[in-house]
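Participant: protein-v3.cif is the file, holding mmCIF, C-alpha atoms:
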```cif
data_input
#
loop_
_atom_site.group_PDB
_atom_site.id
_atom_site.type_symbol
_atom_site.label_atom_id
_atom_site.label_comp_id
_atom_site.auth_asym_id
_atom_site.auth_seq_id
_atom_site.Cartn_x
_atom_site.Cartn_y
_atom_site.Cartn_z
ATOM 1 C CA GLN A 1 0.000 0.000 0.000
ATOM 2 C CA VAL A 2 1.054 3.562 -0.660
ATOM 3 C CA MET A 3 0.196 6.446 1.651
ATOM 4 C CA LYS A 4 0.448 9.971 0.320
ATOM 5 C CA LYS A 5 -0.428 13.326 1.832
ATOM 6 C CA ILE A 6 -1.138 16.288 -0.409
ATOM 7 C CA ILE A 7 -1.303 19.935 0.667
ATOM 8 C CA PHE A 8 -2.748 22.320 -1.943
ATOM 9 C CA LEU A 9 -1.524 25.720 -3.070
ATOM 10 C CA SER A 10 -4.036 28.530 -2.796
ATOM 11 C CA LEU A 11 -4.022 29.369 -6.512
ATOM 12 C CA LEU A 12 -4.375 26.945 -9.402
ATOM 13 C CA THR A 13 -2.703 28.462 -12.447
ATOM 14 C CA VAL A 14 -2.456 25.622 -14.939
ATOM 15 C CA LEU A 15 -4.758 22.646 -15.299
ATOM 16 C CA ILE A 16 -3.765 21.268 -18.702
ATOM 17 C CA PRO A 17 -0.154 22.117 -19.595
ATOM 18 C CA GLN A 18 -0.505 23.146 -23.230
ATOM 19 C CA LEU A 19 -3.419 25.532 -22.563
ATOM 20 C CA SER A 20 -3.443 28.867 -20.768
ATOM 21 C CA ALA A 21 -5.038 29.203 -17.347
ATOM 22 C CA ALA A 22 -7.678 31.508 -18.791
ATOM 23 C CA GLN A 23 -8.823 28.698 -21.090
ATOM 24 C CA ILE A 24 -9.037 26.174 -18.258
ATOM 25 C CA LEU A 25 -10.356 27.955 -15.169
ATOM 26 C CA THR A 26 -12.072 31.247 -14.543
ATOM 27 C CA PRO A 27 -9.265 33.823 -14.284
ATOM 28 C CA GLY A 28 -8.418 34.505 -10.664
ATOM 29 C CA TYR A 29 -10.149 31.427 -9.298
ATOM 30 C CA GLU A 30 -8.593 30.585 -5.964
ATOM 31 C CA LEU A 31 -8.627 27.315 -4.095
ATOM 32 C CA THR A 32 -9.126 27.109 -0.367
ATOM 33 C CA GLU A 33 -6.073 25.429 1.118
ATOM 34 C CA ASP A 34 -6.906 21.778 1.607
ATOM 35 C CA GLY A 35 -5.111 18.632 2.642
ATOM 36 C CA PHE A 36 -6.151 15.053 2.076
ATOM 37 C CA VAL A 37 -4.770 11.576 2.504
ATOM 38 C CA SER A 38 -4.837 9.023 -0.301
ATOM 39 C CA LYS A 39 -4.320 5.281 0.131
ATOM 40 C CA GLU A 40 -3.994 2.750 -2.636
ATOM 41 C CA ILE A 41 -6.399 -0.182 -2.213
ATOM 42 C CA CYS A 42 -5.331 -2.360 -5.127
ATOM 43 C CA ARG A 43 -4.270 -2.522 -8.736
ATOM 44 C CA MET A 44 -7.129 -3.238 -11.139
ATOM 45 C CA THR A 45 -7.104 -6.139 -13.586
ATOM 46 C CA TYR A 46 -9.616 -6.758 -16.367
ATOM 47 C CA GLU A 47 -10.202 -8.521 -19.641
ATOM 48 C CA LYS A 48 -9.588 -6.597 -22.847
ATOM 49 C CA GLY A 49 -12.652 -4.531 -23.702
ATOM 50 C CA TYR A 50 -13.997 -4.661 -20.131
ATOM 51 C CA ALA A 51 -12.082 -1.861 -18.422
ATOM 52 C CA PRO A 52 -13.438 -0.453 -15.124
ATOM 53 C CA GLN A 53 -15.875 2.426 -15.584
ATOM 54 C CA GLY A 54 -18.790 3.308 -13.282
ATOM 55 C CA MET A 55 -18.567 2.450 -9.587
ATOM 56 C CA GLU A 56 -20.818 2.653 -6.532
ATOM 57 C CA VAL A 57 -20.666 1.655 -2.861
ATOM 58 C CA TYR A 58 -23.330 0.204 -0.577
ATOM 59 C CA LYS A 59 -22.414 -0.577 3.024
ATOM 60 C CA ASP A 60 -19.434 -2.971 2.818
ATOM 61 C CA HIS A 61 -19.763 -3.735 -0.914
ATOM 62 C CA VAL A 62 -18.203 -2.011 -3.912
ATOM 63 C CA ILE A 63 -19.874 -2.469 -7.297
ATOM 64 C CA SER A 64 -17.495 -1.936 -10.205
ATOM 65 C CA CYS A 65 -19.186 -1.644 -13.601
ATOM 66 C CA ARG A 66 -17.131 -2.468 -16.649
ATOM 67 C CA ASN A 67 -17.293 -1.416 -20.268
ATOM 68 C CA ARG A 68 -19.949 -3.346 -22.236
ATOM 69 C CA GLY A 69 -22.110 -3.832 -19.157
ATOM 70 C CA ALA A 70 -20.267 -6.199 -16.849
ATOM 71 C CA ILE A 71 -20.371 -5.960 -13.050
ATOM 72 C CA HIS A 72 -17.777 -7.012 -10.494
ATOM 73 C CA ILE A 73 -18.908 -7.046 -6.860
ATOM 74 C CA PHE A 74 -16.351 -6.764 -4.059
ATOM 75 C CA ARG A 75 -16.545 -6.826 -0.284
ATOM 76 C CA PHE A 76 -14.568 -3.950 1.238
ATOM 77 C CA ASP A 77 -13.193 -3.751 4.800
ATOM 78 C CA GLY A 78 -11.410 -0.433 4.424
ATOM 79 C CA ASN A 79 -8.166 -1.998 3.238
ATOM 80 C CA THR A 80 -8.800 -4.620 0.577
ATOM 81 C CA LEU A 81 -11.334 -5.463 -2.119
ATOM 82 C CA GLU A 82 -12.377 -9.108 -1.809
ATOM 83 C CA PRO A 83 -14.078 -10.491 -4.969
ATOM 84 C CA VAL A 84 -17.637 -11.731 -4.420
ATOM 85 C CA SER A 85 -19.049 -12.238 -7.924
ATOM 86 C CA ASN A 86 -19.033 -10.968 -11.486
ATOM 87 C CA PHE A 87 -21.580 -11.193 -14.297
ATOM 88 C CA LEU A 88 -23.025 -9.403 -17.310
ATOM 89 C CA MET A 89 -25.916 -7.050 -16.647
ATOM 90 C CA GLU A 90 -29.078 -7.556 -18.654
ATOM 91 C CA SER A 91 -28.264 -4.256 -20.393
ATOM 92 C CA THR A 92 -24.918 -5.601 -21.597
ATOM 93 C CA HIS A 93 -24.090 -4.426 -25.106
ATOM 94 C CA GLU A 94 -21.069 -3.515 -27.187
ATOM 95 C CA TYR A 95 -22.048 0.134 -26.762
ATOM 96 C CA ASN A 96 -22.978 0.146 -23.095
ATOM 97 C CA HIS A 97 -19.949 1.985 -21.736
ATOM 98 C CA SER A 98 -21.345 1.873 -18.167
ATOM 99 C CA ASN A 99 -19.580 5.133 -17.506
ATOM 100 C CA VAL A 100 -21.269 6.127 -14.225
ATOM 101 C CA ALA A 101 -22.985 3.923 -11.635
ATOM 102 C CA SER A 102 -25.302 5.331 -9.009
ATOM 103 C CA PHE A 103 -27.555 3.637 -6.460
ATOM 104 C CA GLY A 104 -31.058 4.991 -6.087
ATOM 105 C CA PRO A 105 -32.945 5.407 -2.811
ATOM 106 C CA SER A 106 -35.261 2.395 -3.223
ATOM 107 C CA PHE A 107 -35.160 -1.384 -3.582
ATOM 108 C CA TYR A 108 -37.044 -3.416 -6.160
ATOM 109 C CA ASP A 109 -37.693 -6.141 -3.580
ATOM 110 C CA ARG A 110 -36.995 -6.350 0.157
ATOM 111 C CA LYS A 111 -34.876 -9.457 -0.462
ATOM 112 C CA ASP A 112 -32.500 -7.641 -2.787
ATOM 113 C CA PRO A 113 -28.982 -6.967 -1.439
ATOM 114 C CA PHE A 114 -28.737 -3.504 -3.048
ATOM 115 C CA PRO A 115 -30.966 -0.620 -4.084
ATOM 116 C CA LEU A 116 -31.698 -0.148 -7.779
ATOM 117 C CA LEU A 117 -28.533 0.672 -9.735
ATOM 118 C CA TYR A 118 -28.586 3.498 -12.313
ATOM 119 C CA VAL A 119 -25.974 2.984 -15.031
ATOM 120 C CA SER A 120 -25.038 5.582 -17.672
ATOM 121 C CA GLN A 121 -24.706 4.059 -21.135
ATOM 122 C CA CYS A 122 -22.666 7.082 -22.282
ATOM 123 C CA ALA A 123 -21.312 5.925 -25.660
ATOM 124 C CA LYS A 124 -21.057 7.559 -29.077
ATOM 125 C CA GLN A 125 -23.249 4.834 -30.547
ATOM 126 C CA PRO A 126 -26.747 3.738 -29.429
ATOM 127 C CA ALA A 127 -27.199 0.557 -27.429
ATOM 128 C CA ALA A 128 -29.527 -2.358 -28.257
ATOM 129 C CA ASN A 129 -32.708 -0.308 -27.899
ATOM 130 C CA GLY A 130 -31.496 2.154 -30.544
ATOM 131 C CA LEU A 131 -31.231 4.987 -28.019
ATOM 132 C CA LYS A 132 -28.070 6.840 -27.000
ATOM 133 C CA ASP A 133 -26.989 8.252 -23.634
ATOM 134 C CA VAL A 134 -29.692 6.405 -21.736
ATOM 135 C CA CYS A 135 -29.696 5.471 -18.077
ATOM 136 C CA PHE A 136 -30.195 1.755 -17.463
ATOM 137 C CA VAL A 137 -31.870 0.857 -14.171
ATOM 138 C CA GLU A 138 -30.700 -2.574 -13.062
ATOM 139 C CA ARG A 139 -31.896 -4.738 -10.208
ATOM 140 C CA ILE A 140 -29.077 -6.872 -8.787
ATOM 141 C CA MET A 141 -30.628 -10.203 -7.871
ATOM 142 C CA PRO A 142 -30.495 -11.668 -4.322
ATOM 143 C CA ASP A 143 -27.796 -14.208 -5.218
ATOM 144 C CA MET A 144 -25.581 -11.405 -6.627
ATOM 145 C CA GLN A 145 -24.985 -13.522 -9.732
ATOM 146 C CA SER A 146 -27.193 -11.669 -12.225
ATOM 147 C CA SER A 147 -29.270 -8.552 -12.751
ATOM 148 C CA GLN A 148 -32.588 -7.574 -14.279
ATOM 149 C CA LEU A 149 -33.132 -4.476 -16.420
ATOM 150 C CA VAL A 150 -36.260 -2.909 -14.900
ATOM 151 C CA GLN A 151 -36.253 0.521 -16.556
ATOM 152 C CA THR A 152 -34.529 2.604 -19.221
ATOM 153 C CA ILE A 153 -34.486 6.406 -18.915
ATOM 154 C CA TYR A 154 -33.997 8.509 -22.049
ATOM 155 C CA TYR A 155 -33.687 12.272 -22.475
ATOM 156 C CA ASP A 156 -35.389 13.495 -25.651
ATOM 157 C CA ASP A 157 -32.754 16.083 -26.520
ATOM 158 C CA VAL A 158 -34.759 18.005 -29.110
ATOM 159 C CA ASN A 159 -32.909 21.228 -28.229
ATOM 160 C CA LYS A 160 -29.482 19.616 -28.643
ATOM 161 C CA ASP A 161 -28.513 20.495 -25.082
ATOM 162 C CA PHE A 162 -25.756 17.886 -25.012
ATOM 163 C CA GLY A 163 -22.944 16.864 -27.307
ATOM 164 C CA TYR A 164 -20.774 13.895 -26.305
ATOM 165 C CA ALA A 165 -21.839 12.587 -23.870
ATOM 166 C CA LEU A 166 -24.703 12.719 -21.351
ATOM 167 C CA GLN A 167 -24.055 11.119 -17.947
ATOM 168 C CA TRP A 168 -26.552 10.388 -15.174
ATOM 169 C CA VAL A 169 -26.289 10.463 -11.379
ATOM 170 C CA VAL A 170 -28.872 10.018 -8.619
ATOM 171 C CA ASP A 171 -29.281 12.414 -5.718
ATOM 172 C CA LYS A 172 -30.524 9.830 -3.223
ATOM 173 C CA LYS A 173 -31.128 12.310 -0.426
ATOM 174 C CA ASN A 174 -33.539 14.439 -2.470
ATOM 175 C CA ASN A 175 -34.903 11.739 -4.819
ATOM 176 C CA MET A 176 -33.634 13.560 -7.909
ATOM 177 C CA LEU A 177 -31.905 12.519 -11.127
ATOM 178 C CA TYR A 178 -29.249 14.748 -12.648
ATOM 179 C CA GLY A 179 -27.825 14.714 -16.144
ATOM 180 C CA TYR A 180 -24.425 16.233 -16.816
ATOM 181 C CA GLY A 181 -22.323 16.619 -19.926
ATOM 182 C CA ASN A 182 -20.623 18.758 -22.534
ATOM 183 C CA THR A 183 -22.485 20.884 -25.033
ATOM 184 C CA THR A 184 -20.012 19.895 -27.782
ATOM 185 C CA LYS A 185 -17.076 17.526 -27.139
ATOM 186 C CA ASP A 186 -15.070 17.009 -23.975
ATOM 187 C CA ARG A 187 -11.742 17.898 -25.596
ATOM 188 C CA ASP A 188 -13.051 21.141 -27.088
ATOM 189 C CA VAL A 189 -11.756 24.328 -25.510
ATOM 190 C CA GLU A 190 -13.491 26.923 -27.623
ATOM 191 C CA GLY A 191 -17.276 26.737 -27.605
ATOM 192 C CA ASN A 192 -17.750 23.825 -25.212
ATOM 193 C CA ARG A 193 -19.782 24.325 -22.043
ATOM 194 C CA HIS A 194 -20.846 22.040 -19.184
ATOM 195 C CA ARG A 195 -24.577 21.530 -18.688
ATOM 196 C CA VAL A 196 -26.455 20.352 -15.602
ATOM 197 C CA ILE A 197 -30.074 19.234 -15.934
ATOM 198 C CA LYS A 198 -32.263 18.128 -13.021
ATOM 199 C CA PHE A 199 -35.353 15.882 -12.959
ATOM 200 C CA ARG A 200 -37.527 14.236 -10.398
ATOM 201 C CA LEU A 201 -36.306 10.641 -10.172
ATOM 202 C CA PRO A 202 -38.800 8.561 -12.185
ATOM 203 C CA SER A 203 -40.550 5.719 -10.392
ATOM 204 C CA LEU A 204 -40.847 2.292 -11.979
ATOM 205 C CA GLU A 205 -44.557 3.013 -12.433
ATOM 206 C CA ASP A 206 -43.645 5.867 -14.797
ATOM 207 C CA SER A 207 -42.340 3.361 -17.363
ATOM 208 C CA ASP A 208 -44.288 2.374 -20.473
ATOM 209 C CA GLU A 209 -44.991 -1.240 -21.422
ATOM 210 C CA ASN A 210 -41.382 -1.592 -22.630
ATOM 211 C CA GLY A 211 -39.892 -0.238 -19.412
ATOM 212 C CA LEU A 212 -39.004 3.093 -21.046
ATOM 213 C CA VAL A 213 -39.273 6.560 -19.509
ATOM 214 C CA VAL A 214 -38.813 9.520 -21.851
ATOM 215 C CA LEU A 215 -37.809 12.774 -20.193
ATOM 216 C CA LYS A 216 -38.436 15.974 -22.151
ATOM 217 C CA PRO A 217 -36.896 19.436 -21.753
ATOM 218 C CA GLU A 218 -40.114 20.739 -20.223
ATOM 219 C CA ASP A 219 -39.848 18.084 -17.485
ATOM 220 C CA ALA A 220 -36.604 19.569 -16.195
ATOM 221 C CA LEU A 221 -36.636 21.299 -12.825
ATOM 222 C CA GLU A 222 -33.338 22.982 -13.644
ATOM 223 C CA ASN A 223 -31.325 23.267 -16.856
ATOM 224 C CA TYR A 224 -28.246 25.475 -16.832
ATOM 225 C CA LEU A 225 -24.599 25.836 -17.799
ATOM 226 C CA ILE A 226 -21.905 25.893 -15.126
ATOM 227 C CA GLU A 227 -20.262 28.669 -17.132
ATOM 228 C CA ASP A 228 -23.357 30.847 -16.592
ATOM 229 C CA TYR A 229 -22.322 31.080 -12.943
ATOM 230 C CA GLY A 230 -18.863 32.484 -13.534
ATOM 231 C CA PHE A 231 -16.778 29.326 -13.691
ATOM 232 C CA ALA A 232 -15.172 28.120 -16.922
ATOM 233 C CA PHE A 233 -13.044 25.008 -17.356
ATOM 234 C CA ALA A 234 -11.943 22.438 -19.915
ATOM 235 C CA THR A 235 -11.019 18.839 -19.208
ATOM 236 C CA ILE A 236 -12.053 15.213 -19.810
ATOM 237 C CA GLY A 237 -15.127 14.200 -17.799
ATOM 238 C CA GLN A 238 -15.208 10.819 -16.051
ATOM 239 C CA GLY A 239 -17.463 9.810 -13.123
ATOM 240 C CA LEU A 240 -20.102 11.539 -10.968
ATOM 241 C CA TYR A 241 -21.301 11.337 -7.376
ATOM 242 C CA ILE A 242 -23.597 13.495 -5.244
ATOM 243 C CA TRP A 243 -23.015 13.869 -1.516
ATOM 244 C CA LYS A 244 -24.359 16.648 0.714
ATOM 245 C CA ASP A 245 -25.610 18.624 -2.311
ATOM 246 C CA VAL A 246 -22.183 18.630 -3.980
ATOM 247 C CA LEU A 247 -21.559 17.027 -7.370
ATOM 248 C CA TYR A 248 -18.126 15.365 -7.383
ATOM 249 C CA MET A 249 -16.552 14.985 -10.819
ATOM 250 C CA PRO A 250 -13.246 13.131 -11.304
ATOM 251 C CA THR A 251 -11.687 14.171 -14.605
ATOM 252 C CA GLY A 252 -8.687 13.651 -16.858
ATOM 253 C CA PHE A 253 -6.703 10.743 -18.259
ATOM 254 C CA GLY A 254 -3.997 10.692 -15.582
ATOM 255 C CA GLY A 255 -1.259 11.922 -17.906
ATOM 256 C CA LYS A 256 0.573 15.178 -18.499
ATOM 257 C CA GLU A 257 -1.841 16.401 -21.166
ATOM 258 C CA PHE A 258 -4.996 15.630 -19.157
ATOM 259 C CA PRO A 259 -4.023 15.124 -15.490
ATOM 260 C CA SER A 260 -6.446 13.900 -12.826
ATOM 261 C CA TYR A 261 -8.473 16.624 -11.111
ATOM 262 C CA LEU A 262 -11.571 16.452 -8.940
ATOM 263 C CA PHE A 263 -14.160 19.199 -9.473
ATOM 264 C CA CYS A 264 -16.657 19.812 -6.644
ATOM 265 C CA TRP A 265 -19.767 21.701 -7.807
ATOM 266 C CA ASN A 266 -22.288 22.844 -5.186
ATOM 267 C CA LEU A 267 -25.708 22.119 -6.682
ATOM 268 C CA LYS A 268 -27.603 24.397 -4.303
ATOM 269 C CA LYS A 269 -25.284 27.401 -4.381
ATOM 270 C CA LYS A 270 -24.353 26.841 -8.036
ATOM 271 C CA LYS A 271 -20.745 27.405 -7.193
ATOM 272 C CA MET A 272 -17.508 25.507 -7.799
ATOM 273 C CA GLU A 273 -16.410 24.915 -4.218
ATOM 274 C CA LYS A 274 -13.000 23.495 -5.017
ATOM 275 C CA VAL A 275 -10.812 21.856 -7.628
ATOM 276 C CA LEU A 276 -8.465 19.261 -6.171
ATOM 277 C CA ASP A 277 -5.297 17.975 -7.805
ATOM 278 C CA LEU A 278 -5.287 14.156 -7.606
ATOM 279 C CA SER A 279 -2.423 13.647 -10.012
ATOM 280 C CA GLU A 280 0.145 13.003 -7.262
ATOM 281 C CA ALA A 281 -2.219 11.053 -5.011
ATOM 282 C CA THR A 282 -3.328 8.518 -7.629
ATOM 283 C CA TYR A 283 -2.137 7.119 -10.934
ATOM 284 C CA GLY A 284 -3.645 6.219 -14.263
ATOM 285 C CA GLU A 285 -7.036 7.227 -15.629
ATOM 286 C CA LEU A 286 -9.620 7.749 -12.893
ATOM 287 C CA GLU A 287 -13.158 6.632 -13.700
ATOM 288 C CA ASP A 288 -15.793 6.961 -10.967
ATOM 289 C CA ILE A 289 -16.172 7.949 -7.338
ATOM 290 C CA GLY A 290 -18.321 6.790 -4.406
ATOM 291 C CA ARG A 291 -18.350 7.040 -0.641
ATOM 292 C CA TRP A 292 -17.530 4.486 2.060
ATOM 293 C CA LYS A 293 -18.008 5.571 5.699
ATOM 294 C CA ASN A 294 -15.902 8.734 6.114
ATOM 295 C CA SER A 295 -13.882 8.295 2.913
ATOM 296 C CA PHE A 296 -14.344 8.576 -0.811
ATOM 297 C CA ILE A 297 -13.405 5.655 -3.022
ATOM 298 C CA ILE A 298 -12.140 6.240 -6.542
ATOM 299 C CA ILE A 299 -11.675 3.439 -9.057
ATOM 300 C CA GLY A 300 -9.623 3.963 -12.175
ATOM 301 C CA VAL A 301 -8.443 1.848 -15.055
ATOM 302 C CA GLU A 302 -5.216 0.964 -13.227
ATOM 303 C CA GLY A 303 -6.045 1.153 -9.515
ATOM 304 C CA ALA A 304 -8.474 1.865 -6.684
ATOM 305 C CA PHE A 305 -7.937 4.410 -3.895
ATOM 306 C CA THR A 306 -9.502 5.787 -0.756
ATOM 307 C CA ILE A 307 -9.397 9.548 -0.237
ATOM 308 C CA LYS A 308 -9.936 11.164 3.161
ATOM 309 C CA GLY A 309 -10.212 14.838 3.972
ATOM 310 C CA ILE A 310 -11.894 16.156 0.823
#
```
Do you think you could lay out the structure here as structure tokens?

Facilitator:
Amino acid sequence: QVMKKIIFLSLLTVLIPQLSAAQILTPGYELTEDGFVSKEICRMTYEKGYAPQGMEVYKDHVISCRNRGAIHIFRFDGNTLEPVSNFLMESTHEYNHSNVASFGPSFYDRKDPFPLLYVSQCAKQPAANGLKDVCFVERIMPDMQSSQLVQTIYYDDVNKDFGYALQWVVDKKNNMLYGYGNTTKDRDVEGNRHRVIKFRLPSLEDSDENGLVVLKPEDALENYLIEDYGFAFATIGQGLYIWKDVLYMPTGFGGKEFPSYLFCWNLKKKKMEKVLDLSEATYGELEDIGRWKNSFIIIGVEGAFTIKGI
């Protein structure tokens, strides 16, 4: 295991080396001095084509979604990830990137080990149902050996609010569903913006006979650009997690061109509370983030980490 302690400077001047600070962050944006402790849990291994993507935590279990719709379930004691099971979700597909995983507030059945799991398809191409950027709602069965697709949520983007790609995350505390993504492409500097859209979390009863829920722009409770509130940035989006009304967004590829940063957007205040540099505390491409007891857990393509003190 590796233990690292990071103390932040009060001013972030460069986020992506080849671009100017003005292109990356709002000029003059200052960070509150923060310190956190990072601990490596393990190195990640996977079959080709099934790299780790979305991730979520429930009690002492970590659910790691993989590209194409696979799930690996681990038991976590604070130090190690012990494999429990792995299987293909019912929504498995070549173009189910499973980019973000998020537990909802409710269970399908009282015998189920986990709440309903909301999985962002988040691929350039549509999945089996012919729809793109949907949110698959999966029920993990009591034996933790399979899952059942119980709902598919689709945003009818008639106004072209999003480019590539729309991600979904559940606000369990407030029973809300948020969409987040770029207005053009994630590597664009000029012209790209970052949109947040908020909906009431659909119930299973809202589905049609095919299990589909279609959300329309007029259904949104909020629909805005982060840049409208005085904060501009450019980076590669990865996972999402909501905790205490803050949207946590790990970003980057873990390299010099796109290093790993964690953006923390306050959904109530509509303010970027902090941007944390994770590039020295982790390694490789970070994917998704969750919370275990008093720590965050981040899983990337190459490793998994706990982060305390954020």

Participant: What does the PyMOL selection byres ((chain A and resi 135) around 12) select in this file, as a count of residues only?

Facilitator: 49

Participant: Would you compute the distance between CA of Leu278 (chain A) and CA of Leu262 (chain A)? Give it in Å to one decimal.

Facilitator: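 Taking CA of Leu278 (chain A) as the start and CA of Leu262 (chain A) as the end point, the length is 6.8 Å.
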
Participant: Translate the PyMOL selection byres ((chain A and resi 273) around 9) into a concrete residue list for this structure, as a list in words.

Facilitator: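 Output of the PyMOL selection byres ((chain A and resi 273) around 9): Leu31, Thr32, Val246, Phe263, Cys264, Trp265, Asn266, Lys271, Met272, Lys274 and Val275 of chain A.
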
Participant: Ile310 (chain A): which residues within 10 Å, counting only C-alpha atoms, same-chain residues fewer than 5 positions away excluded, as a short mmCIF file (atom, residue, chain, number, x, y, z; two decimals) with C-alpha atoms, in the frame of the given file?

Facilitator:
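Wrote selection-v1.cif, looks like this:
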```cif
data_model
loop_
_atom_site.label_atom_id
_atom_site.label_comp_id
_atom_site.auth_asym_id
_atom_site.auth_seq_id
_atom_site.Cartn_x
_atom_site.Cartn_y
_atom_site.Cartn_z
CA ASP A 34 -6.91 21.78 1.61
CA GLY A 35 -5.11 18.63 2.64
CA PHE A 36 -6.15 15.05 2.08
CA VAL A 37 -4.77 11.58 2.50
CA LEU A 262 -11.57 16.45 -8.94
CA CYS A 264 -16.66 19.81 -6.64
CA LYS A 274 -13.00 23.50 -5.02
CA LEU A 276 -8.46 19.26 -6.17
CA ASN A 294 -15.90 8.73 6.11
CA SER A 295 -13.88 8.30 2.91
CA PHE A 296 -14.34 8.58 -0.81
#
```

Participant: As AutoDock Vina command-line options, what would the box around region 190-203 of chain A look like: edges along x, y and z, 3 Å added on every side, centre and edge lengths in Å to one decimal?

Facilitator:
```
--center_x -27.0 --center_y 16.3 --center_z -18.9 --size_x 33.1 --size_y 27.2 --size_z 23.5
```

Participant: Quick one: of A:Lys268, A:Lys308, A:Arg110, A:Lys256, who's nearest to Glu285 (chain A), counting only C-alpha atoms?

Facilitator: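 When distances to Glu285 (chain A) are compared using only C-alpha atoms, the smallest one comes from A:Lys256.
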
Participant: As an exercise, work out the distance from CA of Asp60 (chain A) to CA of Phe199 (chain A) in Å and give it to one decimal place.

Facilitator: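 CA of Phe199 (chain A) lies at a distance of 29.3 Å from CA of Asp60 (chain A).
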
Participant: For the provided coordinates, the residues matched by the PyMOL selection byres ((chain A and resi 114) around 9) should be stated as a PyMOL selection string.

Facilitator: chain A and resi 58+103+106-108+111-113+115-117+139-142
